[in-house]
file upload20.pdb (PDB, C-alpha atoms, pLDDT in the B column)
ATOM      1  CA  MET A   1      80.613  34.614 -55.021  1.00 49.00           C
ATOM      2  CA  SER A   2      81.024  30.941 -54.113  1.00 52.00           C
ATOM      3  CA  GLN A   3      83.738  28.748 -55.608  1.00 52.00           C
ATOM      4  CA  MET A   4      81.208  27.161 -57.965  1.00 59.00           C
ATOM      5  CA  GLU A   5      79.971  30.477 -59.390  1.00 71.00           C
ATOM      6  CA  VAL A   6      81.630  31.914 -62.487  1.00 69.00           C
ATOM      7  CA  SER A   7      82.319  35.612 -62.977  1.00 74.00           C
ATOM      8  CA  ASP A   8      81.223  37.390 -66.157  1.00 79.00           C
ATOM      9  CA  GLN A   9      84.840  37.568 -67.331  1.00 75.00           C
ATOM     10  CA  GLU A  10      85.384  33.841 -66.716  1.00 71.00           C
ATOM     11  CA  ARG A  11      82.111  33.040 -68.473  1.00 75.00           C
ATOM     12  CA  GLU A  12      83.252  35.053 -71.517  1.00 77.00           C
ATOM     13  CA  VAL A  13      86.554  33.163 -71.681  1.00 71.00           C
ATOM     14  CA  LEU A  14      84.775  29.836 -71.363  1.00 70.00           C
ATOM     15  CA  GLU A  15      82.338  30.743 -74.137  1.00 75.00           C
ATOM     16  CA  ARG A  16      85.201  31.681 -76.477  1.00 71.00           C
ATOM     17  CA  LEU A  17      86.948  28.396 -75.662  1.00 67.00           C
ATOM     18  CA  ARG A  18      83.754  26.468 -76.300  1.00 68.00           C
ATOM     19  CA  GLU A  19      83.296  28.217 -79.649  1.00 70.00           C
ATOM     20  CA  GLY A  20      86.842  27.310 -80.653  1.00 60.00           C
ATOM     21  CA  ASP A  21      88.332  30.810 -80.771  1.00 50.00           C
ATOM     22  CA  GLY A  22      91.551  29.424 -79.313  1.00 47.00           C
ATOM     23  CA  PRO A  23      93.426  30.545 -76.264  1.00 46.00           C
ATOM     24  CA  VAL A  24      93.073  33.934 -74.734  1.00 44.00           C
ATOM     25  CA  ALA A  25      96.219  35.966 -75.454  1.00 44.00           C
ATOM     26  CA  SER A  26      97.098  36.444 -71.820  1.00 44.00           C
ATOM     27  CA  ARG A  27      96.866  32.700 -71.149  1.00 44.00           C
ATOM     28  CA  GLY A  28      99.819  31.611 -73.326  1.00 46.00           C
ATOM     29  CA  ASN A  29     100.084  28.761 -75.802  1.00 48.00           C
ATOM     30  CA  PRO A  30      98.582  25.291 -75.684  1.00 47.00           C
ATOM     31  CA  VAL A  31     100.464  22.982 -73.328  1.00 45.00           C
ATOM     32  CA  PRO A  32     101.952  19.870 -74.936  1.00 48.00           C
ATOM     33  CA  TYR A  33     101.487  16.625 -72.988  1.00 51.00           C
ATOM     34  CA  ASP A  34     103.535  13.455 -73.239  1.00 54.00           C
ATOM     35  CA  GLU A  35     100.597  11.847 -75.018  1.00 53.00           C
ATOM     36  CA  GLY A  36     100.932  14.413 -77.811  1.00 61.00           C
ATOM     37  CA  GLU A  37      99.501  17.838 -78.512  1.00 68.00           C
ATOM     38  CA  ARG A  38      96.121  18.667 -77.105  1.00 70.00           C
ATOM     39  CA  ALA A  39      93.796  21.427 -78.157  1.00 76.00           C
ATOM     40  CA  TRP A  40      93.572  24.480 -75.934  1.00 79.00           C
ATOM     41  CA  GLY A  41      91.005  23.912 -73.210  1.00 81.00           C
ATOM     42  CA  GLU A  42      90.832  20.197 -73.910  1.00 81.00           C
ATOM     43  CA  ALA A  43      91.561  17.934 -70.986  1.00 80.00           C
ATOM     44  CA  PRO A  44      94.410  15.473 -71.387  1.00 76.00           C
ATOM     45  CA  PRO A  45      93.436  11.828 -71.736  1.00 73.00           C
ATOM     46  CA  ALA A  46      92.415  10.407 -68.390  1.00 73.00           C
ATOM     47  CA  ASN A  47      93.211   7.134 -66.760  1.00 75.00           C
ATOM     48  CA  PRO A  48      89.759   5.601 -66.783  1.00 76.00           C
ATOM     49  CA  PRO A  49      88.335   5.826 -63.271  1.00 78.00           C
ATOM     50  CA  THR A  50      87.000   2.681 -61.697  1.00 81.00           C
ATOM     51  CA  VAL A  51      84.654   2.561 -58.758  1.00 83.00           C
ATOM     52  CA  GLN A  52      86.262   0.494 -56.039  1.00 83.00           C
ATOM     53  CA  ARG A  53      84.476   0.137 -52.716  1.00 81.00           C
ATOM     54  CA  LEU A  54      87.478  -1.481 -51.061  1.00 80.00           C
ATOM     55  CA  PRO A  55      90.976  -1.448 -52.548  1.00 81.00           C
ATOM     56  CA  ASN A  56      92.869  -4.696 -52.822  1.00 82.00           C
ATOM     57  CA  ALA A  57      95.253  -5.410 -49.966  1.00 85.00           C
ATOM     58  CA  ALA A  58      98.444  -4.559 -51.890  1.00 85.00           C
ATOM     59  CA  ASP A  59      97.093  -1.157 -53.021  1.00 87.00           C
ATOM     60  CA  TRP A  60      95.860  -0.411 -49.516  1.00 85.00           C
ATOM     61  CA  VAL A  61      99.276  -1.128 -47.984  1.00 88.00           C
ATOM     62  CA  GLU A  62     101.047   0.856 -50.699  1.00 89.00           C
ATOM     63  CA  LYS A  63      98.819   3.880 -50.066  1.00 89.00           C
ATOM     64  CA  GLN A  64      99.414   3.698 -46.309  1.00 89.00           C
ATOM     65  CA  ILE A  65     103.186   3.575 -46.825  1.00 90.00           C
ATOM     66  CA  ARG A  66     103.147   6.459 -49.344  1.00 89.00           C
ATOM     67  CA  THR A  67     101.069   8.565 -46.961  1.00 91.00           C
ATOM     68  CA  ILE A  68     103.313   7.949 -43.952  1.00 90.00           C
ATOM     69  CA  GLN A  69     106.410   8.675 -46.046  1.00 90.00           C
ATOM     70  CA  ALA A  70     104.899  11.895 -47.388  1.00 91.00           C
ATOM     71  CA  VAL A  71     103.398  13.444 -44.261  1.00 91.00           C
ATOM     72  CA  GLY A  72     103.909  11.072 -41.345  1.00 90.00           C
ATOM     73  CA  GLU A  73     106.817  12.826 -39.650  1.00 88.00           C
ATOM     74  CA  VAL A  74     105.315  16.301 -40.114  1.00 90.00           C
ATOM     75  CA  ASN A  75     101.920  15.211 -38.771  1.00 90.00           C
ATOM     76  CA  TYR A  76     103.582  13.422 -35.852  1.00 90.00           C
ATOM     77  CA  ARG A  77     105.639  16.491 -34.889  1.00 90.00           C
ATOM     78  CA  GLU A  78     102.616  18.792 -35.228  1.00 91.00           C
ATOM     79  CA  GLY A  79     100.545  16.432 -33.077  1.00 90.00           C
ATOM     80  CA  ILE A  80     103.157  16.543 -30.335  1.00 90.00           C
ATOM     81  CA  THR A  81     103.004  20.328 -30.213  1.00 91.00           C
ATOM     82  CA  ARG A  82      99.201  20.374 -29.917  1.00 91.00           C
ATOM     83  CA  PRO A  83      97.957  17.494 -27.767  1.00 90.00           C
ATOM     84  CA  ARG A  84      94.261  17.625 -26.899  1.00 90.00           C
ATOM     85  CA  LYS A  85      95.137  17.123 -23.226  1.00 93.00           C
ATOM     86  CA  ASP A  86      98.187  16.510 -21.060  1.00 94.00           C
ATOM     87  CA  PRO A  87      99.153  12.902 -21.883  1.00 93.00           C
ATOM     88  CA  ILE A  88     100.985  12.350 -18.595  1.00 94.00           C
ATOM     89  CA  ALA A  89      98.082  13.571 -16.473  1.00 95.00           C
ATOM     90  CA  ALA A  90      95.650  11.566 -18.618  1.00 95.00           C
ATOM     91  CA  GLY A  91      97.763   8.433 -18.153  1.00 94.00           C
ATOM     92  CA  ILE A  92      97.797   8.881 -14.393  1.00 96.00           C
ATOM     93  CA  ALA A  93      94.037   9.516 -14.333  1.00 96.00           C
ATOM     94  CA  ALA A  94      93.465   6.342 -16.385  1.00 96.00           C
ATOM     95  CA  GLN A  95      95.462   4.097 -14.048  1.00 96.00           C
ATOM     96  CA  GLY A  96      92.341   2.349 -12.760  1.00 96.00           C
ATOM     97  CA  ALA A  97      91.088   1.650 -16.286  1.00 96.00           C
ATOM     98  CA  TYR A  98      94.533   0.342 -17.253  1.00 94.00           C
ATOM     99  CA  GLU A  99      94.653  -2.016 -14.279  1.00 95.00           C
ATOM    100  CA  ALA A 100      91.129  -3.257 -15.012  1.00 95.00           C
ATOM    101  CA  ALA A 101      92.017  -3.860 -18.674  1.00 93.00           C
ATOM    102  CA  MET A 102      95.119  -5.799 -17.681  1.00 93.00           C
ATOM    103  CA  ARG A 103      92.923  -8.139 -15.602  1.00 93.00           C
ATOM    104  CA  ASP A 104      90.291  -8.530 -18.342  1.00 94.00           C
ATOM    105  CA  PRO A 105      90.470 -12.097 -19.700  1.00 94.00           C
ATOM    106  CA  SER A 106      89.645 -10.963 -23.250  1.00 93.00           C
ATOM    107  CA  VAL A 107      92.552  -8.480 -23.206  1.00 92.00           C
ATOM    108  CA  LEU A 108      94.890 -11.142 -21.876  1.00 93.00           C
ATOM    109  CA  LYS A 109      93.696 -13.605 -24.517  1.00 94.00           C
ATOM    110  CA  ARG A 110      94.138 -11.011 -27.289  1.00 93.00           C
ATOM    111  CA  ARG A 111      97.676 -10.320 -26.057  1.00 92.00           C
ATOM    112  CA  GLU A 112      98.498 -14.011 -26.164  1.00 94.00           C
ATOM    113  CA  GLN A 113      97.016 -14.345 -29.678  1.00 94.00           C
ATOM    114  CA  LYS A 114      99.084 -11.415 -30.953  1.00 93.00           C
ATOM    115  CA  LEU A 115     102.236 -12.857 -29.424  1.00 92.00           C
ATOM    116  CA  ARG A 116     101.522 -16.174 -31.135  1.00 93.00           C
ATOM    117  CA  GLN A 117     101.194 -14.390 -34.506  1.00 93.00           C
ATOM    118  CA  THR A 118     104.867 -13.471 -34.471  1.00 91.00           C
ATOM    119  CA  ASN A 119     108.044 -15.458 -33.950  1.00 92.00           C
ATOM    120  CA  MET A 120     111.664 -15.118 -32.858  1.00 91.00           C
ATOM    121  CA  GLU A 121     112.892 -14.575 -36.425  1.00 92.00           C
ATOM    122  CA  GLU A 122     110.566 -11.591 -36.949  1.00 91.00           C
ATOM    123  CA  TRP A 123     111.497 -10.190 -33.562  1.00 88.00           C
ATOM    124  CA  ALA A 124     115.229 -10.523 -34.269  1.00 89.00           C
ATOM    125  CA  SER A 125     114.853  -9.039 -37.749  1.00 89.00           C
ATOM    126  CA  MET A 126     113.024  -5.966 -36.475  1.00 88.00           C
ATOM    127  CA  CYS A 127     115.484  -5.541 -33.613  1.00 87.00           C
ATOM    128  CA  GLU A 128     118.394  -5.621 -36.049  1.00 87.00           C
ATOM    129  CA  ARG A 129     116.821  -3.556 -38.836  1.00 86.00           C
ATOM    130  CA  VAL A 130     114.948  -0.957 -36.806  1.00 85.00           C
ATOM    131  CA  GLY A 131     116.008  -1.053 -33.177  1.00 84.00           C
ATOM    132  CA  ALA A 132     119.767  -1.277 -33.631  1.00 82.00           C
ATOM    133  CA  GLN A 133     119.818   1.772 -35.905  1.00 80.00           C
ATOM    134  CA  ARG A 134     117.941   3.868 -33.362  1.00 87.00           C
ATOM    135  CA  LEU A 135     119.609   2.651 -30.162  1.00 85.00           C
ATOM    136  CA  VAL A 136     122.609   4.968 -30.030  1.00 84.00           C
ATOM    137  CA  ALA A 137     120.788   8.035 -31.341  1.00 87.00           C
ATOM    138  CA  GLY A 138     117.892   7.353 -28.968  1.00 88.00           C
ATOM    139  CA  VAL A 139     120.117   7.144 -25.899  1.00 87.00           C
ATOM    140  CA  VAL A 140     122.156  10.203 -26.915  1.00 87.00           C
ATOM    141  CA  GLU A 141     118.957  12.211 -27.483  1.00 90.00           C
ATOM    142  CA  ARG A 142     117.757  11.202 -24.009  1.00 89.00           C
ATOM    143  CA  ARG A 143     120.993  11.984 -22.213  1.00 90.00           C
ATOM    144  CA  PHE A 144     118.990  14.103 -19.759  1.00 90.00           C
ATOM    145  CA  LYS A 145     117.170  10.939 -18.639  1.00 90.00           C
ATOM    146  CA  VAL A 146     120.461   9.115 -18.093  1.00 90.00           C
ATOM    147  CA  GLU A 147     121.714  12.093 -16.061  1.00 91.00           C
ATOM    148  CA  ARG A 148     118.479  12.128 -14.043  1.00 89.00           C
ATOM    149  CA  ALA A 149     118.694   8.378 -13.312  1.00 89.00           C
ATOM    150  CA  VAL A 150     122.347   8.498 -12.321  1.00 89.00           C
ATOM    151  CA  SER A 151     121.778  11.498 -10.039  1.00 88.00           C
ATOM    152  CA  VAL A 152     119.042   9.577  -8.201  1.00 88.00           C
ATOM    153  CA  LEU A 153     120.815   6.212  -8.056  1.00 88.00           C
ATOM    154  CA  HIS A 154     124.422   7.229  -7.508  1.00 89.00           C
ATOM    155  CA  GLY A 155     124.142   8.242  -3.862  1.00 87.00           C
ATOM    156  CA  LYS A 156     121.854   5.349  -2.952  1.00 91.00           C
ATOM    157  CA  LEU A 157     124.100   2.823  -4.718  1.00 90.00           C
ATOM    158  CA  ALA A 158     127.159   4.230  -2.943  1.00 90.00           C
ATOM    159  CA  GLN A 159     125.411   3.780   0.433  1.00 92.00           C
ATOM    160  CA  HIS A 160     124.321   0.263  -0.541  1.00 94.00           C
ATOM    161  CA  LEU A 161     127.838  -0.755  -1.575  1.00 93.00           C
ATOM    162  CA  GLN A 162     129.307   0.733   1.594  1.00 94.00           C
ATOM    163  CA  HIS A 163     126.870  -1.391   3.617  1.00 95.00           C
ATOM    164  CA  ILE A 164     127.692  -4.586   1.645  1.00 95.00           C
ATOM    165  CA  ASP A 165     131.436  -3.935   1.927  1.00 95.00           C
ATOM    166  CA  SER A 166     131.105  -3.487   5.696  1.00 96.00           C
ATOM    167  CA  LEU A 167     129.633  -6.986   6.120  1.00 96.00           C
ATOM    168  CA  PRO A 168     132.007  -9.779   7.092  1.00 96.00           C
ATOM    169  CA  ASN A 169     133.350 -11.882   4.215  1.00 95.00           C
ATOM    170  CA  VAL A 170     135.093 -14.775   5.937  1.00 96.00           C
ATOM    171  CA  THR A 171     132.825 -17.810   5.872  1.00 96.00           C
ATOM    172  CA  ASP A 172     130.354 -19.213   3.365  1.00 96.00           C
ATOM    173  CA  ALA A 173     127.561 -18.048   5.672  1.00 96.00           C
ATOM    174  CA  ASP A 174     129.033 -14.513   5.555  1.00 96.00           C
ATOM    175  CA  ARG A 175     129.159 -14.561   1.773  1.00 96.00           C
ATOM    176  CA  GLU A 176     125.595 -15.933   1.623  1.00 97.00           C
ATOM    177  CA  ARG A 177     124.422 -13.117   3.899  1.00 97.00           C
ATOM    178  CA  ARG A 178     126.226 -10.569   1.691  1.00 97.00           C
ATOM    179  CA  MET A 179     124.496 -11.958  -1.421  1.00 97.00           C
ATOM    180  CA  ILE A 180     121.079 -11.814   0.236  1.00 97.00           C
ATOM    181  CA  GLU A 181     121.696  -8.287   1.598  1.00 96.00           C
ATOM    182  CA  ASN A 182     122.869  -7.217  -1.865  1.00 96.00           C
ATOM    183  CA  LEU A 183     119.732  -8.677  -3.465  1.00 96.00           C
ATOM    184  CA  HIS A 184     117.449  -6.967  -0.936  1.00 96.00           C
ATOM    185  CA  GLY A 185     119.244  -3.634  -1.308  1.00 94.00           C
ATOM    186  CA  LEU A 186     119.105  -3.700  -5.097  1.00 93.00           C
ATOM    187  CA  LYS A 187     115.412  -4.661  -5.023  1.00 93.00           C
ATOM    188  CA  ALA A 188     114.743  -1.713  -2.713  1.00 91.00           C
ATOM    189  CA  MET A 189     116.267   0.619  -5.325  1.00 90.00           C
ATOM    190  CA  LYS A 190     114.171  -0.776  -8.167  1.00 87.00           C
ATOM    191  CA  GLY A 191     111.675   1.746  -9.454  1.00 81.00           C
ATOM    192  CA  LEU A 192     113.449   4.799  -8.061  1.00 81.00           C
ATOM    193  CA  VAL A 193     114.013   6.142 -11.570  1.00 76.00           C
TER     194      VAL A 193
END
call {"tool": "encode", "arguments": {"input": "upload20.pdb", "output": "structure tokens"}}
result
Amino acid sequence: MSQMEVSDQEREVLERLREGDGPVASRGNPVPYDEGERAWGEAPPANPPTVQRLPNAADWVEKQIRTIQAVGEVNYREGITRPRKDPIAAGIAAQGAYEAAMRDPSVLKRREQKLRQTNMEEWASMCERVGAQRLVAGVVERRFKVERAVSVLHGKLAQHLQHIDSLPNVTDADRERRMIENLHGLKAMKGLV
């Protein structure tokens, strides 16, 4: 039997309701609504439906916010556990497409247009309201990444500093050479983590 088909027992109950015999004993008493009592089997008053091809902007935004508040985190977490493909491998495989897109004049123009649509006040507001609240928790949650970076950099930085400290530091030329060697050494470490 499909969901739209009615069993003989259901049909009998519906016929009795239609004839006004009142509620079936096993179904309980009529349910009062805030609008007042309603007869058994009678639908409560409806908000009149209106056909709306496109909601107004305020209603659209409100619905998006309600939806994300209701199910956004759950859907996000479920999506993480079931990606359609490995996102890291896909990102690596798409490197050529990414590079091509970054050279595409229309992409560059769109980026510039989007940057022009915002301003320093909006940026600062979002940094303070959203970013600042998540900074500490975000770093603490990613402690493993900090440990990974320090384990890679620590030995190399120690060698670099030992080299800089071994350079003479007597004349201005010595100090200039130390600065340049320091700059070159630090640049060589960039991107290691």
call {"tool": "resolve_selection", "arguments": {"input": "upload20.pdb", "expression": "the PyMOL selection byres ((chain A and resi 178) around 9)", "output": "list in words"}}
result
Ile164, Asp165, Leu167, Pro168, Asn169, Ala173, Asp174, Arg175, Glu176, Arg177, Met179, Ile180, Glu181, Asn182 and Leu183 of chain A
call {"tool": "closest_residue", "arguments": {"input": "upload20.pdb", "among": "A:Tyr98, A:Val193, A:Asp104, A:Gln133", "to": "Lys145 in chain A", "atoms": "all atoms listed in the file"}}
result
A:Val193
call {"tool": "closest_residue", "arguments": {"input": "upload20.pdb", "among": "A:Leu157, A:Ala101, A:Val170, A:Val152", "to": "Leu192 in chain A", "atoms": "all atoms listed in the file"}}
result
A:Val152
call {"tool": "residues_around", "arguments": {"input": "upload20.pdb", "residues": "Leu14 in chain A", "least_positions_apart": "5", "cutoff": "9 Å", "atoms": "only C-alpha atoms", "output": "MDAnalysis selection string"}}
result
chainID A and resid 9 19 41
call {"tool": "atom_distance", "arguments": {"input": "upload20.pdb", "atom1": "CA of Leu135 in chain A", "atom2": "CA of Lys85 in chain A"}}
result
29.3 Å
call {"tool": "atom_distance", "arguments": {"input": "upload20.pdb", "atom1": "CA of Ala89 in chain A", "atom2": "CA of Arg148 in chain A"}}
result
20.6 Å
call {"tool": "axis_aligned_box", "arguments": {"input": "upload20.pdb", "around": "range 178-183 of chain A", "padding_each_side": "5 Å", "output": "JSON"}}
result
{"center_x": 123.0, "center_y": -9.6, "center_z": -0.9, "size_x": 16.5, "size_y": 14.7, "size_z": 15.2}
call {"tool": "atom_distance", "arguments": {"input": "upload20.pdb", "atom1": "CA of His184 in chain A", "atom2": "CA of Gln159 in chain A"}}
result
13.4 Å
call {"tool": "build_atoms", "arguments": {"input": "upload20.pdb", "residues": "range 115-135 of chain A", "atoms": "N, CA and C atoms", "output": "mmCIF file, in the frame of the given file"}}
result
data_model
loop_
_atom_site.group_PDB
_atom_site.id
_atom_site.type_symbol
_atom_site.label_atom_id
_atom_site.label_comp_id
_atom_site.auth_asym_id
_atom_site.auth_seq_id
_atom_site.Cartn_x
_atom_site.Cartn_y
_atom_site.Cartn_z
ATOM 1 N N LEU A 115 100.885 -12.317 -29.611
ATOM 2 C CA LEU A 115 102.236 -12.857 -29.424
ATOM 3 C C LEU A 115 102.441 -14.128 -30.247
ATOM 4 N N ARG A 116 101.407 -14.941 -30.353
ATOM 5 C CA ARG A 116 101.522 -16.174 -31.135
ATOM 6 C C ARG A 116 101.588 -15.904 -32.645
ATOM 7 N N GLN A 117 101.161 -14.723 -33.078
ATOM 8 C CA GLN A 117 101.194 -14.390 -34.506
ATOM 9 C C GLN A 117 102.592 -14.011 -34.990
ATOM 10 N N THR A 118 103.503 -13.817 -34.080
ATOM 11 C CA THR A 118 104.867 -13.471 -34.471
ATOM 12 C C THR A 118 105.801 -14.604 -34.077
ATOM 13 N N ASN A 119 107.078 -14.420 -34.286
ATOM 14 C CA ASN A 119 108.044 -15.458 -33.950
ATOM 15 C C ASN A 119 109.404 -14.822 -33.672
ATOM 16 N N MET A 120 110.340 -15.620 -33.223
ATOM 17 C CA MET A 120 111.664 -15.118 -32.858
ATOM 18 C C MET A 120 112.395 -14.513 -34.052
ATOM 19 N N GLU A 121 112.200 -15.091 -35.250
ATOM 20 C CA GLU A 121 112.892 -14.575 -36.425
ATOM 21 C C GLU A 121 112.422 -13.162 -36.761
ATOM 22 N N GLU A 122 111.089 -12.933 -36.697
ATOM 23 C CA GLU A 122 110.566 -11.591 -36.949
ATOM 24 C C GLU A 122 111.066 -10.620 -35.889
ATOM 25 N N TRP A 123 111.036 -11.043 -34.650
ATOM 26 C CA TRP A 123 111.497 -10.190 -33.562
ATOM 27 C C TRP A 123 112.957 -9.800 -33.768
ATOM 28 N N ALA A 124 113.802 -10.793 -34.071
ATOM 29 C CA ALA A 124 115.229 -10.523 -34.269
ATOM 30 C C ALA A 124 115.449 -9.617 -35.475
ATOM 31 N N SER A 125 114.707 -9.854 -36.540
ATOM 32 C CA SER A 125 114.853 -9.039 -37.749
ATOM 33 C C SER A 125 114.518 -7.578 -37.469
ATOM 34 N N MET A 126 113.411 -7.345 -36.771
ATOM 35 C CA MET A 126 113.024 -5.966 -36.475
ATOM 36 C C MET A 126 114.000 -5.313 -35.499
ATOM 37 N N CYS A 127 114.494 -6.085 -34.544
ATOM 38 C CA CYS A 127 115.484 -5.541 -33.613
ATOM 39 C C CYS A 127 116.734 -5.102 -34.364
ATOM 40 N N GLU A 128 117.188 -5.940 -35.292
ATOM 41 C CA GLU A 128 118.394 -5.621 -36.049
ATOM 42 C C GLU A 128 118.159 -4.479 -37.031
ATOM 43 N N ARG A 129 117.055 -4.528 -37.763
ATOM 44 C CA ARG A 129 116.821 -3.556 -38.836
ATOM 45 C C ARG A 129 116.338 -2.208 -38.321
ATOM 46 N N VAL A 130 115.544 -2.206 -37.281
ATOM 47 C CA VAL A 130 114.948 -0.957 -36.806
ATOM 48 C C VAL A 130 115.570 -0.522 -35.489
ATOM 49 N N GLY A 131 115.553 -1.417 -34.517
ATOM 50 C CA GLY A 131 116.008 -1.053 -33.177
ATOM 51 C C GLY A 131 117.477 -0.708 -33.095
ATOM 52 N N ALA A 132 118.323 -1.500 -33.723
ATOM 53 C CA ALA A 132 119.767 -1.277 -33.631
ATOM 54 C C ALA A 132 120.151 0.076 -34.206
ATOM 55 N N GLN A 133 119.495 0.489 -35.278
ATOM 56 C CA GLN A 133 119.818 1.772 -35.905
ATOM 57 C C GLN A 133 119.434 2.950 -35.010
ATOM 58 N N ARG A 134 118.429 2.758 -34.186
ATOM 59 C CA ARG A 134 117.941 3.868 -33.362
ATOM 60 C C ARG A 134 118.495 3.861 -31.949
ATOM 61 N N LEU A 135 119.167 2.783 -31.549
ATOM 62 C CA LEU A 135 119.609 2.651 -30.162
ATOM 63 C C LEU A 135 120.509 3.797 -29.741
#
